[in-house]
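Quick look at entry_23.pdb (PDB, C-alpha atoms, pLDDT in the B column):
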```pdb
ATOM      1  CA  MET A  75       0.000   0.000   0.000  1.00 48.00           C
ATOM      2  CA  ASP A  76       1.201   3.476  -0.876  1.00 55.00           C
ATOM      3  CA  ILE A  77       2.439   5.531   2.100  1.00 57.00           C
ATOM      4  CA  LYS A  78       0.133   8.429   1.143  1.00 51.00           C
ATOM      5  CA  ALA A  79      -2.889   6.119   1.114  1.00 43.00           C
ATOM      6  CA  LEU A  80      -1.879   4.703   4.493  1.00 40.00           C
ATOM      7  CA  CYS A  81      -1.540   8.211   5.952  1.00 39.00           C
ATOM      8  CA  LEU A  82      -4.929   9.168   4.530  1.00 42.00           C
ATOM      9  CA  VAL A  83      -6.575   6.121   6.120  1.00 41.00           C
ATOM     10  CA  ALA A  84      -4.922   6.878   9.472  1.00 43.00           C
ATOM     11  CA  LEU A  85      -5.969  10.544   9.337  1.00 43.00           C
ATOM     12  CA  SER A  86      -9.581   9.765   8.421  1.00 45.00           C
ATOM     13  CA  THR A  87      -9.773   7.187  11.228  1.00 40.00           C
ATOM     14  CA  ALA A  88      -8.412   9.713  13.718  1.00 40.00           C
ATOM     15  CA  LEU A  89     -10.851  12.397  12.575  1.00 42.00           C
ATOM     16  CA  ALA A  90     -13.796  10.031  12.741  1.00 40.00           C
ATOM     17  CA  GLY A  91     -12.876   9.249  16.329  1.00 38.00           C
ATOM     18  CA  CYS A  92     -12.905  12.965  17.189  1.00 43.00           C
ATOM     19  CA  ALA A  93     -16.328  13.645  15.695  1.00 46.00           C
ATOM     20  CA  SER A  94     -18.843  13.973  18.471  1.00 55.00           C
ATOM     21  CA  HIS A  95     -22.062  15.902  18.393  1.00 55.00           C
ATOM     22  CA  SER A  96     -25.607  15.548  19.583  1.00 56.00           C
ATOM     23  CA  THR A  97     -27.930  13.080  17.913  1.00 61.00           C
ATOM     24  CA  ASN A  98     -30.232  16.113  17.814  1.00 63.00           C
ATOM     25  CA  LEU A  99     -28.281  17.569  14.843  1.00 71.00           C
ATOM     26  CA  GLN A 100     -29.999  20.226  12.722  1.00 73.00           C
ATOM     27  CA  ILE A 101     -28.755  22.002   9.587  1.00 70.00           C
ATOM     28  CA  GLY A 102     -28.201  25.772   9.600  1.00 65.00           C
ATOM     29  CA  ASN A 103     -30.753  27.920  11.447  1.00 68.00           C
ATOM     30  CA  GLU A 104     -33.935  26.405  10.002  1.00 72.00           C
ATOM     31  CA  LEU A 105     -36.844  25.191  12.149  1.00 68.00           C
ATOM     32  CA  SER A 106     -37.844  22.360   9.812  1.00 64.00           C
ATOM     33  CA  TYR A 107     -37.975  19.701  12.547  1.00 65.00           C
ATOM     34  CA  THR A 108     -40.830  21.262  14.524  1.00 69.00           C
ATOM     35  CA  SER A 109     -43.914  23.338  13.850  1.00 82.00           C
ATOM     36  CA  LEU A 110     -43.842  27.057  14.552  1.00 84.00           C
ATOM     37  CA  LYS A 111     -46.464  26.607  17.295  1.00 87.00           C
ATOM     38  CA  GLU A 112     -44.434  23.878  19.039  1.00 88.00           C
ATOM     39  CA  HIS A 113     -41.301  25.977  18.793  1.00 84.00           C
ATOM     40  CA  ARG A 114     -43.019  29.070  20.230  1.00 91.00           C
ATOM     41  CA  ASP A 115     -44.606  27.037  23.048  1.00 91.00           C
ATOM     42  CA  ALA A 116     -41.239  25.524  23.968  1.00 91.00           C
ATOM     43  CA  VAL A 117     -39.398  28.857  23.991  1.00 91.00           C
ATOM     44  CA  ARG A 118     -42.166  30.506  26.053  1.00 94.00           C
ATOM     45  CA  THR A 119     -42.396  27.629  28.540  1.00 95.00           C
ATOM     46  CA  VAL A 120     -38.765  26.628  29.067  1.00 97.00           C
ATOM     47  CA  LYS A 121     -36.811  29.559  30.493  1.00 97.00           C
ATOM     48  CA  VAL A 122     -33.025  29.838  30.441  1.00 97.00           C
ATOM     49  CA  HIS A 123     -31.568  30.409  33.930  1.00 97.00           C
ATOM     50  CA  ASP A 124     -28.054  31.400  34.922  1.00 97.00           C
ATOM     51  CA  PHE A 125     -28.286  29.215  38.028  1.00 96.00           C
ATOM     52  CA  LEU A 126     -30.414  26.282  39.133  1.00 96.00           C
ATOM     53  CA  PRO A 127     -33.351  27.791  41.066  1.00 95.00           C
ATOM     54  CA  LYS A 128     -33.857  26.777  44.688  1.00 94.00           C
ATOM     55  CA  GLY A 129     -36.138  23.738  44.971  1.00 95.00           C
ATOM     56  CA  ALA A 130     -35.744  22.768  41.301  1.00 96.00           C
ATOM     57  CA  GLU A 131     -35.664  19.083  40.385  1.00 97.00           C
ATOM     58  CA  ILE A 132     -33.056  18.111  37.777  1.00 97.00           C
ATOM     59  CA  LEU A 133     -34.382  15.998  34.913  1.00 97.00           C
ATOM     60  CA  GLY A 134     -31.029  15.482  33.216  1.00 97.00           C
ATOM     61  CA  GLU A 135     -28.889  16.818  30.405  1.00 98.00           C
ATOM     62  CA  VAL A 136     -30.265  17.828  27.027  1.00 97.00           C
ATOM     63  CA  SER A 137     -28.164  18.339  23.924  1.00 96.00           C
ATOM     64  CA  ALA A 138     -28.472  19.853  20.481  1.00 94.00           C
ATOM     65  CA  SER A 139     -26.158  20.570  17.559  1.00 93.00           C
ATOM     66  CA  ARG A 140     -26.317  22.823  14.513  1.00 91.00           C
ATOM     67  CA  CYS A 141     -24.351  22.013  11.361  1.00 91.00           C
ATOM     68  CA  HIS A 142     -22.917  24.591   8.945  1.00 90.00           C
ATOM     69  CA  ARG A 143     -23.145  22.469   5.819  1.00 87.00           C
ATOM     70  CA  ASN A 144     -23.364  24.976   2.978  1.00 83.00           C
ATOM     71  CA  SER A 145     -20.709  27.689   2.884  1.00 81.00           C
ATOM     72  CA  LEU A 146     -23.084  29.913   0.896  1.00 86.00           C
ATOM     73  CA  HIS A 147     -25.608  29.966   3.766  1.00 85.00           C
ATOM     74  CA  GLU A 148     -25.434  31.798   7.068  1.00 88.00           C
ATOM     75  CA  PRO A 149     -23.629  29.723   9.702  1.00 90.00           C
ATOM     76  CA  PRO A 150     -25.683  28.468  12.645  1.00 91.00           C
ATOM     77  CA  ARG A 151     -26.189  30.915  15.506  1.00 93.00           C
ATOM     78  CA  GLU A 152     -25.869  30.169  19.205  1.00 95.00           C
ATOM     79  CA  GLU A 153     -29.456  31.411  19.640  1.00 94.00           C
ATOM     80  CA  SER A 154     -30.640  28.579  17.379  1.00 93.00           C
ATOM     81  CA  VAL A 155     -28.813  26.019  19.531  1.00 95.00           C
ATOM     82  CA  VAL A 156     -30.325  27.477  22.716  1.00 96.00           C
ATOM     83  CA  ALA A 157     -33.809  27.279  21.158  1.00 94.00           C
ATOM     84  CA  ASP A 158     -33.119  23.631  20.217  1.00 93.00           C
ATOM     85  CA  LEU A 159     -32.116  22.963  23.834  1.00 96.00           C
ATOM     86  CA  GLN A 160     -35.366  24.557  25.001  1.00 96.00           C
ATOM     87  CA  VAL A 161     -37.387  22.401  22.593  1.00 94.00           C
ATOM     88  CA  SER A 162     -35.573  19.268  23.773  1.00 94.00           C
ATOM     89  CA  ALA A 163     -36.193  20.184  27.421  1.00 97.00           C
ATOM     90  CA  TYR A 164     -39.853  20.995  26.660  1.00 96.00           C
ATOM     91  CA  VAL A 165     -40.383  17.554  25.139  1.00 93.00           C
ATOM     92  CA  ASN A 166     -39.039  16.097  28.386  1.00 94.00           C
ATOM     93  CA  GLY A 167     -41.451  18.145  30.532  1.00 96.00           C
ATOM     94  CA  ALA A 168     -38.957  20.724  31.800  1.00 97.00           C
ATOM     95  CA  ASP A 169     -39.734  24.219  33.009  1.00 97.00           C
ATOM     96  CA  GLY A 170     -36.230  25.546  32.487  1.00 98.00           C
ATOM     97  CA  ILE A 171     -32.624  24.911  31.527  1.00 98.00           C
ATOM     98  CA  THR A 172     -29.378  26.026  33.120  1.00 98.00           C
ATOM     99  CA  ALA A 173     -25.621  25.528  32.692  1.00 98.00           C
ATOM    100  CA  VAL A 174     -25.882  26.113  28.940  1.00 98.00           C
ATOM    101  CA  LYS A 175     -22.611  25.346  27.145  1.00 98.00           C
ATOM    102  CA  ILE A 176     -22.064  25.859  23.422  1.00 97.00           C
ATOM    103  CA  GLU A 177     -18.868  24.911  21.622  1.00 97.00           C
ATOM    104  CA  LYS A 178     -17.822  25.174  17.999  1.00 95.00           C
ATOM    105  CA  ALA A 179     -16.140  22.084  16.565  1.00 93.00           C
ATOM    106  CA  SER A 180     -14.923  20.782  13.230  1.00 88.00           C
ATOM    107  CA  ALA A 181     -17.368  18.345  11.683  1.00 83.00           C
ATOM    108  CA  LEU A 182     -15.968  17.452   8.283  1.00 82.00           C
ATOM    109  CA  THR A 183     -16.674  13.775   8.934  1.00 78.00           C
ATOM    110  CA  SER A 184     -20.365  14.682   9.337  1.00 80.00           C
ATOM    111  CA  ASN A 185     -20.441  16.601   6.056  1.00 86.00           C
ATOM    112  CA  CYS A 186     -20.375  19.965   7.872  1.00 87.00           C
ATOM    113  CA  TRP A 187     -17.803  22.761   7.801  1.00 90.00           C
ATOM    114  CA  HIS A 188     -18.308  23.082  11.525  1.00 92.00           C
ATOM    115  CA  VAL A 189     -20.919  22.334  14.141  1.00 93.00           C
ATOM    116  CA  LEU A 190     -22.156  24.168  17.213  1.00 95.00           C
ATOM    117  CA  ASN A 191     -22.650  21.638  20.023  1.00 96.00           C
ATOM    118  CA  GLY A 192     -24.837  22.636  22.945  1.00 97.00           C
ATOM    119  CA  THR A 193     -25.688  21.047  26.264  1.00 97.00           C
ATOM    120  CA  ALA A 194     -27.784  22.177  29.217  1.00 98.00           C
ATOM    121  CA  ILE A 195     -29.311  20.815  32.405  1.00 98.00           C
ATOM    122  CA  ALA A 196     -33.109  20.521  32.221  1.00 98.00           C
ATOM    123  CA  PHE A 197     -35.172  20.921  35.374  1.00 98.00           C
ATOM    124  CA  THR A 198     -38.684  21.314  36.727  1.00 97.00           C
ATOM    125  CA  GLN A 199     -39.812  23.774  39.386  1.00 93.00           C
ATOM    126  CA  PRO A 200     -42.362  22.902  42.031  1.00 84.00           C
ATOM    127  CA  SER A 201     -45.699  24.718  41.805  1.00 77.00           C
ATOM    128  CA  ASN A 202     -46.174  27.479  44.328  1.00 59.00           C
TER     129      ASN A 202
END
```

As structure tokens, how would this structure be written, given the file I've shared?
Amino acid sequence: MDIKALCLVALSTALAGCASHSTNLQIGNELSYTSLKEHRDAVRTVKVHDFLPKGAEILGEVSASRCHRNSLHEPPREESVVADLQVSAYVNGADGITAVKIEKASALTSNCWHVLNGTAIAFTQPSN
């Protein structure tokens, strides 16, 4: 086997091992995976908090990713990832999310120029 081919195989294997993003991967900033009503309900219901409110019950981590696939289109925005996190938390019955983290990563192995990966902690608040 040619040394260049061997290096290419090793590089692609290494890159594939580094590719990690949410299974909730969306393309660009579009809302094609949910209806406008569902999206609006989720964003209105699930609030983003800087800290976990007192008495809140943690439901677990939610994740979302946005792919920048077409270089001619606007790259994904962090606001789109946060909205995806809210939708994911809403589906799980959450009232809010906290500890939001968004990171930009290479995603060539996923057919994306880059991806924005987001995670947050979903929680419910007791009724007063």

#### Entry: Best match for closeness to Glu104 in chain A among A:Ile132, A:Pro149, A:Pro127, A:Val120, counting only C-alpha atoms
A:Pro149

### Task
Identify which of the residues A:Val156, A:Leu146, A:Leu110, A:Cys141 lies closest to Ser180 in chain A, counting all atoms listed in the file when measuring atom-to-atom distances.
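Counting all atoms listed in the file, the residue closest to Ser180 in chain A is A:Cys141.
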
May I have the residues within 10 Å of Trp187 in chain A as a PDB file with C-alpha atoms, in the coordinates of the input, using only C-alpha atoms and disregarding those fewer than 3 positions away in the same chain?
```pdb
ATOM      1  CA  CYS A 141     -24.351  22.013  11.361  1.00 91.00           C
ATOM      2  CA  HIS A 142     -22.917  24.591   8.945  1.00 90.00           C
ATOM      3  CA  ARG A 143     -23.145  22.469   5.819  1.00 87.00           C
ATOM      4  CA  ASN A 144     -23.364  24.976   2.978  1.00 83.00           C
ATOM      5  CA  SER A 145     -20.709  27.689   2.884  1.00 81.00           C
ATOM      6  CA  PRO A 149     -23.629  29.723   9.702  1.00 90.00           C
ATOM      7  CA  ALA A 179     -16.140  22.084  16.565  1.00 93.00           C
ATOM      8  CA  SER A 180     -14.923  20.782  13.230  1.00 88.00           C
ATOM      9  CA  ALA A 181     -17.368  18.345  11.683  1.00 83.00           C
ATOM     10  CA  LEU A 182     -15.968  17.452   8.283  1.00 82.00           C
ATOM     11  CA  THR A 183     -16.674  13.775   8.934  1.00 78.00           C
ATOM     12  CA  SER A 184     -20.365  14.682   9.337  1.00 80.00           C
TER      13      SER A 184
END
```

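You will find CA of Glu148 in chain A at 22.6 Å from CA of Val174 in chain A.
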
#### Entry: Residue IDs satisfying the PyMOL selection byres ((chain A and resi 140) around 12), as a PyMOL selection string
chain A and resi 95-105+137-139+141-143+148-159+176-181+184+186-193

### Message
If I take CA of Asp124 in chain A and CA of Ala196 in chain A, how far is one from the other in Å, to one decimal?
### Response
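These atoms are spaced 12.3 Å apart.
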
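Straight-line separation from CA of Val161 in chain A to CA of Phe197 in chain A: 13.1 Å.
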
### Query
the PyMOL selection byres ((chain A and resi 131) around 12) on the file shown: which residues, as a PyMOL selection string?
chain A and resi 126-130+132-134+167-172+195-201

Excluding Ala116 in chain A and residues on its chain fewer than 6 positions from it, collect all residues at most 9 Å away from it, counting only C-alpha atoms, and give them as a PDB file with C-alpha atoms, in the coordinates of the input.
```
ATOM      1  CA  ALA A 157     -33.809  27.279  21.158  1.00 94.00           C
ATOM      2  CA  GLN A 160     -35.366  24.557  25.001  1.00 96.00           C
ATOM      3  CA  VAL A 161     -37.387  22.401  22.593  1.00 94.00           C
ATOM      4  CA  SER A 162     -35.573  19.268  23.773  1.00 94.00           C
ATOM      5  CA  ALA A 163     -36.193  20.184  27.421  1.00 97.00           C
ATOM      6  CA  TYR A 164     -39.853  20.995  26.660  1.00 96.00           C
ATOM      7  CA  VAL A 165     -40.383  17.554  25.139  1.00 93.00           C
TER       8      VAL A 165
END
```
